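Quick look at start_20.tsv (TSV, C-alpha atoms and all ligand atoms):
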```tsv
chain	number	residue	atom	x	y	z
A	237	MET	CA	39.40	29.73	7.05
A	238	ASP	CA	36.39	29.32	9.31
A	239	THR	CA	33.72	26.68	8.94
A	240	MET	CA	31.06	29.07	7.67
A	241	GLN	CA	33.34	30.27	4.91
A	242	GLU	CA	34.21	26.68	3.99
A	243	MET	CA	30.52	25.76	3.89
A	244	GLN	CA	29.81	28.72	1.60
A	245	GLU	CA	32.67	27.76	-0.69
A	246	TRP	CA	31.44	24.17	-0.79
A	247	VAL	CA	27.93	25.27	-1.85
A	248	GLU	CA	29.45	27.56	-4.51
A	249	SER	CA	31.58	24.71	-5.83
A	250	LEU	CA	28.46	22.49	-6.02
A	251	GLU	CA	26.76	25.19	-8.05
A	252	ARG	CA	29.71	25.55	-10.43
A	253	ARG	CA	29.93	21.82	-11.05
A	254	ALA	CA	26.17	21.38	-11.51
A	255	ARG	CA	26.09	24.11	-14.17
A	256	THR	CA	27.72	21.61	-16.53
A	257	ARG	CA	24.34	19.85	-16.69
A	258	LEU	CA	22.28	22.91	-17.58
A	259	GLY	CA	20.45	22.65	-20.87
A	260	ASN	CA	19.74	18.91	-20.45
A	261	GLY	CA	16.03	18.09	-20.15
A	262	ARG	CA	12.85	19.98	-20.99
A	263	VAL	CA	10.94	22.70	-19.17
A	264	ALA	CA	7.40	21.49	-18.27
A	265	ASP	CA	4.78	22.86	-20.64
A	266	TYR	CA	1.68	20.83	-19.81
A	267	ILE	CA	0.89	23.67	-17.40
A	268	PRO	CA	1.45	26.51	-19.92
A	269	ALA	CA	2.33	29.11	-17.27
A	270	LEU	CA	5.38	27.01	-16.28
A	271	ALA	CA	6.77	26.92	-19.82
A	272	GLN	CA	7.99	30.50	-19.67
A	273	ARG	CA	11.05	29.67	-17.55
A	274	ARG	CA	14.54	29.57	-19.03
A	275	ALA	CA	16.04	26.08	-18.98
A	276	ASP	CA	19.44	27.36	-17.81
A	277	GLN	CA	18.36	28.88	-14.50
A	278	PHE	CA	19.89	27.28	-11.43
A	279	GLY	CA	19.97	27.88	-7.70
A	280	ILE	CA	20.85	26.02	-4.51
A	281	ALA	CA	20.31	26.81	-0.83
A	282	LEU	CA	21.24	24.78	2.23
A	283	CYS	CA	19.84	25.42	5.71
A	284	THR	CA	21.69	23.86	8.63
A	285	ASN	CA	19.90	22.75	11.77
A	286	ASN	CA	21.18	25.78	13.63
A	287	GLY	CA	19.50	28.05	11.09
A	288	ASP	CA	22.47	29.12	8.96
A	289	VAL	CA	21.72	29.40	5.24
A	290	TYR	CA	24.33	28.98	2.50
A	291	CYS	CA	23.36	29.59	-1.10
A	292	ALA	CA	24.62	30.01	-4.64
A	293	GLY	CA	23.23	30.87	-8.07
A	294	GLU	CA	19.63	32.06	-8.32
A	295	ALA	CA	18.76	30.86	-4.83
A	296	GLN	CA	16.56	33.89	-4.09
A	297	GLU	CA	14.52	33.60	-7.29
A	298	SER	CA	10.93	32.44	-6.67
A	299	PHE	CA	9.54	29.58	-8.73
A	300	SER	CA	6.43	27.41	-8.72
A	301	ILE	CA	6.89	24.74	-6.04
A	302	GLN	CA	4.36	22.38	-7.67
A	303	SER	CA	4.62	18.87	-6.22
A	304	ILE	CA	6.96	19.96	-3.44
A	305	ALA	CA	3.71	21.21	-1.88
A	306	LYS	CA	2.70	17.55	-1.49
A	307	ALA	CA	5.21	17.14	1.35
A	308	LEU	CA	3.66	20.07	3.25
A	309	LEU	CA	0.12	18.89	2.46
A	310	LEU	CA	0.97	15.50	3.93
A	311	THR	CA	2.56	17.03	7.03
A	312	LEU	CA	-0.50	19.20	7.72
A	313	ALA	CA	-2.95	16.35	7.07
A	314	LEU	CA	-1.06	14.04	9.47
A	315	ARG	CA	-1.05	16.79	12.09
A	316	VAL	CA	-4.84	17.08	11.81
A	317	HIS	CA	-5.98	13.53	11.08
A	318	GLY	CA	-3.15	11.34	12.40
A	319	ASP	CA	-2.99	7.74	11.22
A	320	THR	CA	-6.64	7.71	10.01
A	321	LEU	CA	-5.24	9.43	6.91
A	322	TRP	CA	-3.87	6.05	5.82
A	323	THR	CA	-7.38	4.72	5.18
A	324	ARG	CA	-7.43	7.10	2.17
A	325	VAL	CA	-3.92	6.80	0.79
A	326	GLY	CA	-1.18	4.14	0.81
A	327	ARG	CA	2.52	4.28	1.68
A	328	ASN	CA	4.19	2.35	-1.10
A	329	PRO	CA	6.12	3.43	-4.17
A	330	SER	CA	3.98	3.57	-7.27
A	331	GLY	CA	6.47	2.66	-10.00
A	332	MET	CA	4.14	4.70	-12.22
A	333	PRO	CA	4.25	8.29	-13.54
A	334	PHE	CA	2.97	10.90	-11.09
A	335	ASN	CA	-0.24	11.45	-13.06
A	336	SER	CA	-1.09	7.80	-13.81
A	337	LEU	CA	-4.74	6.73	-13.73
A	338	THR	CA	-4.12	3.02	-14.32
A	339	GLN	CA	-3.18	2.01	-10.79
A	340	LEU	CA	-6.01	4.01	-9.27
A	341	GLU	CA	-8.64	2.12	-11.25
A	342	VAL	CA	-7.11	-1.32	-10.55
A	343	GLU	CA	-6.64	-0.63	-6.82
A	344	GLY	CA	-10.15	0.52	-5.99
A	345	GLY	CA	-9.53	4.28	-5.97
A	346	LYS	CA	-6.92	4.28	-3.19
A	347	PRO	CA	-3.76	6.04	-4.38
A	348	ARG	CA	-0.46	4.26	-3.73
A	349	ASN	CA	1.15	7.14	-1.84
A	350	PRO	CA	0.68	10.83	-0.93
A	351	PHE	CA	3.30	12.08	-3.43
A	352	ILE	CA	1.67	11.06	-6.71
A	353	ASN	CA	-1.07	13.39	-7.92
A	354	ALA	CA	-3.98	11.14	-6.94
A	355	GLY	CA	-2.52	10.73	-3.45
A	356	ALA	CA	-2.01	14.45	-2.97
A	357	ILE	CA	-5.56	15.13	-4.17
A	358	ALA	CA	-6.85	12.59	-1.60
A	359	VAL	CA	-4.76	14.31	1.10
A	360	THR	CA	-6.07	17.73	0.00
A	361	ASP	CA	-9.62	16.40	0.38
A	362	ARG	CA	-8.87	15.70	4.06
A	363	LEU	CA	-7.60	19.29	4.45
A	364	VAL	CA	-10.70	20.70	2.70
A	365	SER	CA	-12.69	18.92	5.43
A	366	ALA	CA	-10.55	20.49	8.15
A	367	PHE	CA	-9.89	24.10	7.00
A	368	ALA	CA	-12.08	26.81	5.43
A	369	THR	CA	-9.32	27.69	2.93
A	370	PRO	CA	-6.63	25.00	3.01
A	371	SER	CA	-4.39	26.78	0.48
A	372	LYS	CA	-4.28	29.95	2.60
A	373	HIS	CA	-3.54	27.82	5.64
A	374	LEU	CA	-0.70	26.09	3.79
A	375	ARG	CA	0.60	29.43	2.50
A	376	ASP	CA	0.61	30.83	6.05
A	377	VAL	CA	2.44	27.79	7.37
A	378	ALA	CA	4.99	28.13	4.54
A	379	ARG	CA	5.43	31.82	5.41
A	380	ARG	CA	6.06	31.06	9.06
A	381	LEU	CA	8.37	28.10	8.42
A	382	SER	CA	10.41	30.16	5.94
A	383	ALA	CA	10.27	33.35	8.01
A	384	ASN	CA	9.19	35.08	4.81
A	385	PRO	CA	5.82	36.88	4.95
A	386	THR	CA	5.90	37.70	1.22
A	387	ILE	CA	5.38	34.10	0.01
A	388	HIS	CA	2.28	34.01	-2.17
A	389	ILE	CA	0.15	31.82	-4.40
A	390	ASP	CA	0.80	32.63	-8.07
A	391	GLU	CA	-2.74	33.13	-9.42
A	392	ARG	CA	-1.53	32.88	-13.02
A	393	VAL	CA	-0.09	29.39	-12.47
A	394	GLN	CA	-3.16	28.35	-10.49
A	395	ALA	CA	-5.50	29.51	-13.28
A	396	SER	CA	-3.36	27.84	-15.94
A	397	GLU	CA	-3.48	24.51	-14.14
A	398	TRP	CA	-7.22	24.87	-13.56
A	399	ARG	CA	-7.75	25.38	-17.31
A	400	HIS	CA	-5.70	22.26	-18.08
A	401	ARG	CA	-7.07	20.12	-15.25
A	402	ASP	CA	-8.57	17.26	-17.28
A	403	ARG	CA	-6.23	14.51	-16.10
A	404	ASN	CA	-6.24	15.53	-12.43
A	405	ALA	CA	-10.03	15.94	-12.62
A	406	ALA	CA	-10.31	12.41	-14.01
A	407	MET	CA	-8.38	11.08	-11.00
A	408	ALA	CA	-10.48	13.06	-8.56
A	409	TYR	CA	-13.77	11.84	-10.08
A	410	LEU	CA	-12.51	8.26	-10.04
A	411	MET	CA	-11.66	8.53	-6.34
A	412	LYS	CA	-15.01	10.18	-5.65
A	413	ALA	CA	-16.76	7.29	-7.44
A	414	PHE	CA	-14.92	4.83	-5.17
A	415	GLY	CA	-15.97	6.80	-2.06
A	416	HIS	CA	-12.43	8.02	-1.31
A	417	LEU	CA	-13.17	11.74	-1.60
A	418	ASP	CA	-15.66	13.46	0.74
A	419	ASN	CA	-15.78	16.94	-0.76
A	420	ASP	CA	-16.85	18.54	-4.00
A	421	VAL	CA	-14.33	17.63	-6.73
A	422	ASP	CA	-13.93	21.21	-7.98
A	423	ALA	CA	-13.31	22.53	-4.46
A	424	VAL	CA	-10.63	19.89	-3.84
A	425	LEU	CA	-8.94	20.55	-7.21
A	426	GLN	CA	-8.96	24.33	-6.68
A	427	ALA	CA	-7.31	23.86	-3.28
A	428	TYR	CA	-4.75	21.39	-4.68
A	429	PHE	CA	-3.79	23.66	-7.61
A	430	SER	CA	-3.50	26.69	-5.32
A	431	CYS	CA	-1.08	24.82	-3.07
A	432	CYS	CA	1.00	23.66	-6.07
A	433	ALA	CA	1.05	27.29	-7.29
A	434	LEU	CA	2.87	28.58	-4.20
A	435	SER	CA	5.81	30.65	-5.32
A	436	MET	CA	8.95	30.16	-3.23
A	437	SER	CA	12.72	30.39	-3.63
A	438	CYS	CA	15.42	27.82	-2.83
A	439	VAL	CA	16.17	29.76	0.36
A	440	ASP	CA	12.48	29.74	1.39
A	441	LEU	CA	12.16	26.01	0.73
A	442	ALA	CA	15.40	25.03	2.46
A	443	ARG	CA	14.23	26.96	5.53
A	444	ALA	CA	10.65	25.68	5.37
A	445	PHE	CA	11.65	22.01	5.26
A	446	ASN	CA	14.40	22.20	7.85
A	447	PHE	CA	12.04	20.68	10.45
A	448	LEU	CA	12.45	17.34	8.65
A	449	ALA	CA	16.22	17.52	9.15
A	450	ALA	CA	15.78	18.58	12.78
A	451	GLY	CA	13.58	15.77	14.11
A	452	GLY	CA	10.40	17.82	13.63
A	453	TYR	CA	11.67	20.96	15.39
A	454	ALA	CA	10.98	24.16	13.43
A	455	ARG	CA	13.55	26.76	14.44
A	456	PRO	CA	11.66	29.75	12.91
A	457	LEU	CA	8.61	28.81	15.00
A	458	GLY	CA	10.70	28.01	18.07
A	459	GLU	CA	8.66	24.86	18.58
A	460	GLN	CA	8.34	21.17	17.87
A	461	PHE	CA	6.27	21.36	14.65
A	462	ILE	CA	5.76	17.60	14.42
A	463	ALA	CA	6.85	14.75	16.66
A	464	PRO	CA	10.31	13.24	15.97
A	465	ASP	CA	8.83	9.86	14.98
A	466	LEU	CA	6.51	11.53	12.47
A	467	SER	CA	9.45	13.43	11.00
A	468	ARG	CA	11.29	10.12	10.57
A	469	ARG	CA	8.25	8.56	8.89
A	470	ILE	CA	7.75	11.45	6.47
A	471	ASN	CA	11.43	11.23	5.54
A	472	SER	CA	10.97	7.50	4.87
A	473	LEU	CA	8.07	8.24	2.52
A	474	LEU	CA	10.10	10.94	0.78
A	475	PHE	CA	12.92	8.44	0.34
A	476	THR	CA	10.73	5.71	-1.16
A	477	CYS	CA	8.13	7.79	-3.05
A	478	GLY	CA	9.27	11.42	-3.33
A	479	MET	CA	10.77	11.18	-6.82
A	480	TYR	CA	7.85	9.31	-8.47
A	481	ASP	CA	8.81	6.32	-10.58
A	482	ALA	CA	12.47	7.38	-10.39
A	483	ALA	CA	12.54	7.13	-6.56
A	484	GLY	CA	14.74	4.02	-6.70
A	485	ASP	CA	17.18	5.60	-9.16
A	486	PHE	CA	17.48	8.75	-7.09
A	487	ALA	CA	17.93	6.73	-3.88
A	488	TYR	CA	20.78	4.90	-5.61
A	489	ARG	CA	22.37	8.12	-6.85
A	490	ALA	CA	21.98	10.40	-3.80
A	491	GLY	CA	20.47	8.29	-1.00
A	492	LEU	CA	18.49	11.20	0.45
A	493	PRO	CA	14.80	11.71	1.25
A	494	ALA	CA	13.65	14.18	-1.41
A	495	LYS	CA	10.63	15.70	-3.10
A	496	SER	CA	10.61	17.15	-6.60
A	497	GLY	CA	8.16	19.36	-8.46
A	498	VAL	CA	7.63	20.04	-12.17
A	499	GLY	CA	8.62	23.67	-11.53
A	500	GLY	CA	12.18	22.25	-11.37
A	501	GLY	CA	12.71	22.37	-7.60
A	502	ILE	CA	13.84	19.50	-5.39
A	503	ILE	CA	14.07	19.61	-1.62
A	504	ALA	CA	16.25	17.01	0.07
A	505	ILE	CA	16.92	16.19	3.69
A	506	VAL	CA	20.12	15.12	5.41
A	507	PRO	CA	18.54	14.09	8.74
A	508	GLY	CA	20.35	15.53	11.72
A	509	CYS	CA	22.32	17.97	9.56
A	510	PHE	CA	20.54	20.18	7.05
A	511	SER	CA	17.82	20.64	4.47
A	512	VAL	CA	18.74	21.66	0.93
A	513	CYS	CA	16.78	22.92	-2.06
A	514	ALA	CA	18.09	22.89	-5.62
A	515	TRP	CA	16.25	24.35	-8.60
A	516	SER	CA	16.61	24.27	-12.35
A	517	PRO	CA	13.56	24.16	-14.65
A	518	ALA	CA	14.63	21.54	-17.25
A	519	LEU	CA	13.19	18.12	-16.38
A	520	ASP	CA	13.87	14.50	-17.31
A	521	GLU	CA	11.14	12.17	-18.59
A	522	CYS	CA	9.96	11.38	-15.02
A	523	GLY	CA	9.37	15.08	-14.28
A	524	ASN	CA	12.45	15.58	-12.07
A	525	SER	CA	14.93	18.43	-12.64
A	526	VAL	CA	18.09	17.15	-14.33
A	527	ALA	CA	20.53	19.66	-12.83
A	528	ALA	CA	18.90	19.66	-9.38
A	529	GLN	CA	19.18	15.88	-9.16
A	530	TYR	CA	22.77	16.07	-10.29
A	531	VAL	CA	23.79	18.67	-7.70
A	532	LEU	CA	22.20	16.59	-4.93
A	533	GLU	CA	24.15	13.58	-6.14
A	534	LEU	CA	27.35	15.69	-6.04
A	535	LEU	CA	26.45	16.87	-2.55
A	536	ALA	CA	25.92	13.32	-1.29
A	537	ASP	CA	29.13	12.25	-2.94
A	538	ASP	CA	31.10	15.11	-1.38
A	539	MET	CA	29.73	14.23	2.04
A	540	GLY	CA	31.19	10.78	1.59
A	541	HIS	CA	34.55	12.33	0.82
A	542	GLY	CA	35.04	14.77	3.63
A	543	ALA	CA	32.72	17.73	3.05
A	544	GLY	CA	30.40	16.31	5.71
A	545	ALA	CA	33.15	16.88	8.23
A	546	LEU	CA	32.46	20.60	7.92
A	547	LEU	CA	29.18	19.95	9.64
A	548	THR	CA	30.77	18.42	12.68
A	549	THR	CA	32.14	21.74	13.88
A	550	ALA	CA	29.51	23.26	16.13
A	551	PRO	CA	28.87	26.98	15.66
A	552	ALA	CA	29.94	29.37	18.39
A	553	SER	CA	26.39	30.13	19.49
A	554	GLY	CA	23.06	28.37	19.61
A	555	VAL	CA	24.32	24.80	19.48
A	556	ALA	CA	21.22	22.68	19.08
A	557	PRO	CA	20.91	19.21	20.61
A	558	TRP	CA	20.48	17.72	17.13
A	559	TRP	CA	23.74	19.13	15.81
A	560	PRO	CA	25.24	16.26	13.79
A	561	ARG	CA	27.73	13.71	14.98
A	562	PRO	CA	30.71	13.02	12.71
A	563	PRO	CA	29.51	11.13	9.60
A	564	SER	CA	32.15	8.46	10.25
A	565	SER	CA	30.24	5.68	8.47
A	566	ARG	CA	30.19	7.77	5.30
A	567	ALA	CA	33.92	8.41	5.45
A	568	SER	CA	34.66	4.70	5.15
A	569	ARG	CA	32.37	4.14	2.14
B	601	LIG	N1	0.43	20.52	-10.02
B	601	LIG	C1	1.11	19.51	-10.79
B	601	LIG	C2	0.12	18.50	-11.31
B	601	LIG	O1	-0.82	18.21	-10.63
B	601	LIG	C3	2.13	18.86	-9.91
B	601	LIG	C4	2.91	17.78	-10.63
B	601	LIG	C5	4.34	17.72	-10.24
B	601	LIG	O2	4.97	18.67	-9.79
B	601	LIG	N2	4.91	16.58	-10.48
B	601	LIG	O3	0.25	18.00	-12.40
```
Please render this file's structure as structure tokens.
Ligand code: GLN
Amino acid sequence: MDTMQEMQEWVESLERRARTRLGNGRVADYIPALAQRRADQFGIALCTNNGDVYCAGEAQESFSIQSIAKALLLTLALRVHGDTLWTRVGRNPSGMPFNSLTQLEVEGGKPRNPFINAGAIAVTDRLVSAFATPSKHLRDVARRLSANPTIHIDERVQASEWRHRDRNAAMAYLMKAFGHLDNDVDAVLQAYFSCCALSMSCVDLARAFNFLAAGGYARPLGEQFIAPDLSRRINSLLFTCGMYDAAGDFAYRAGLPAKSGVGGGIIAIVPGCFSVCAWSPALDECGNSVAAQYVLELLADDMGHGAGALLTTAPASGVAPWWPRPPSSRASR
């Protein structure tokens, strides 16, 4: 059996085992347009650093990426503004729900990190200053990184979130009052909701985020998308803050940089090896998909028990300089 076939069988076995968790959790309904998903949908896609994609379940089904957009928003804002971005947003875990107002008030309107709502709204404000239509810019970047020109913003989800914006609007006005937002609140919120309403599949997302597994190199663009040290730093933030107030729990369970969204998707990075996206709409109380977290935990566990060795066999063609070394430290865990 060749390595590609073994990889495919591994991903299929992950999908089979994760299905045992379907039905646990609740589909998000605070954005009514999201509530229409079935709780038992599930997909997984893995994109290796040489561009091969392995998938199982409903990996081609598009869903609302929601907070996964925050990782792309941050990447684009750091590309444009560099370290000055950190005057507007912090880099520490929040220990609070993703839509908490409490911390923002106490800490002078500076959000703890770019992956809670307030932080992503502050980051979006920096993009509103830089681009005429930040959401279209983000959509175009997502299209190019995924090599999928059909990726679009779901207007129905965007409109639904706009209608139910009270809490995010409260955060934005609070930041504006503290002088941490330069642009019109409505313009920033519209841009933020549009980015969250991007509709992408597990395959799209695994491809789009592969640059974080590949030291900043984006294979579909054929170029260094961000510098290697920035890629490392974004992964560190994903590790410490990407799963909201459950970031510590998820780090303990899977030990991977990851970003979740209330649409049920989670992207995770195995630096030097591959990016992976899992999706299932039913969420736990922190807003993270139950089955997607579980499959990533299984994946991490398997890699500690030999599956990672599959990745040490270089493909026949196009061997990239970042192709992984044997995960020997994991084998002895
Ligand atoms: N757009 C959603 C919101 O602002 C994103 C939240 C999430 O995915 N955790 O509430």
Skip segment 389-393 of chain A itself and residues of its chain fewer than 4 positions away, then list as a PyMOL selection string all residues within 12 Å of it, counting all atoms listed in the file. chain A and resi 265-272+298-302+305+371-376+378-379+397-401+426-436+499
Quick one: residues within 12 Å of Tyr453 of chain A, all atoms listed in the file counted, chain neighbours fewer than 3 positions away excluded, as a PyMOL selection string? chain A and resi 285-287+381+443-450+456-468+507-508+556-558
Take every atom of segment 523-535 of chain A listed in the file, pad by 4 Å on each side, and give me the axis-aligned box centre and edge lengths in Å, one decimal, as JSON.
```
{"center_x": 18.4, "center_y": 16.6, "center_z": -8.4, "size_x": 26.0, "size_y": 14.1, "size_z": 19.8}
```
So what do you get for atom CA of Ala275 of chain A versus atom CA of Ala518 of chain A, distance-wise?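 A separation of 5.1 Å between them.
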Name all residues at most 9 Å from Gln529 of chain A (count only C-alpha atoms; drop same-chain ones fewer than 5 positions away) and give them as an MDAnalysis selection string. chainID A and resid 486 489:490 502 514:515 524 534
Å distance separating atom CA of Leu282 of chain A from atom CA of Tyr480 of chain A, one decimal place: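 Going from atom CA of Leu282 of chain A over to atom CA of Tyr480 of chain A, I get 23.1 Å.
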Interface rows for segment 494-547 of chain A against segment 249-254 of chain A: nearest pair, Å to one decimal, 8 Å, only C-alpha atoms, as JSON lines:
```
{"residue": "A:Ala527", "atom": "CA", "partner": "A:Ala254", "partner_atom": "CA", "distance": 6.0}
{"residue": "A:Ala528", "atom": "CA", "partner": "A:Ala254", "partner_atom": "CA", "distance": 7.8}
{"residue": "A:Tyr530", "atom": "CA", "partner": "A:Ala254", "partner_atom": "CA", "distance": 6.4}
{"residue": "A:Val531", "atom": "CA", "partner": "A:Ala254", "partner_atom": "CA", "distance": 5.2}
{"residue": "A:Leu534", "atom": "CA", "partner": "A:Leu250", "partner_atom": "CA", "distance": 6.9}
{"residue": "A:Leu535", "atom": "CA", "partner": "A:Leu250", "partner_atom": "CA", "distance": 6.9}
```
A straight line from atom CA of Asn335 of chain A to atom CA of Glu297 of chain A spans 27.2 Å
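The nearest approach to ligand LIG 601 (chain B) among the residues A:Ile304, A:Leu410, A:Leu310, A:Ala295, with all atoms listed in the file taken into account, belongs to A:Ile304.
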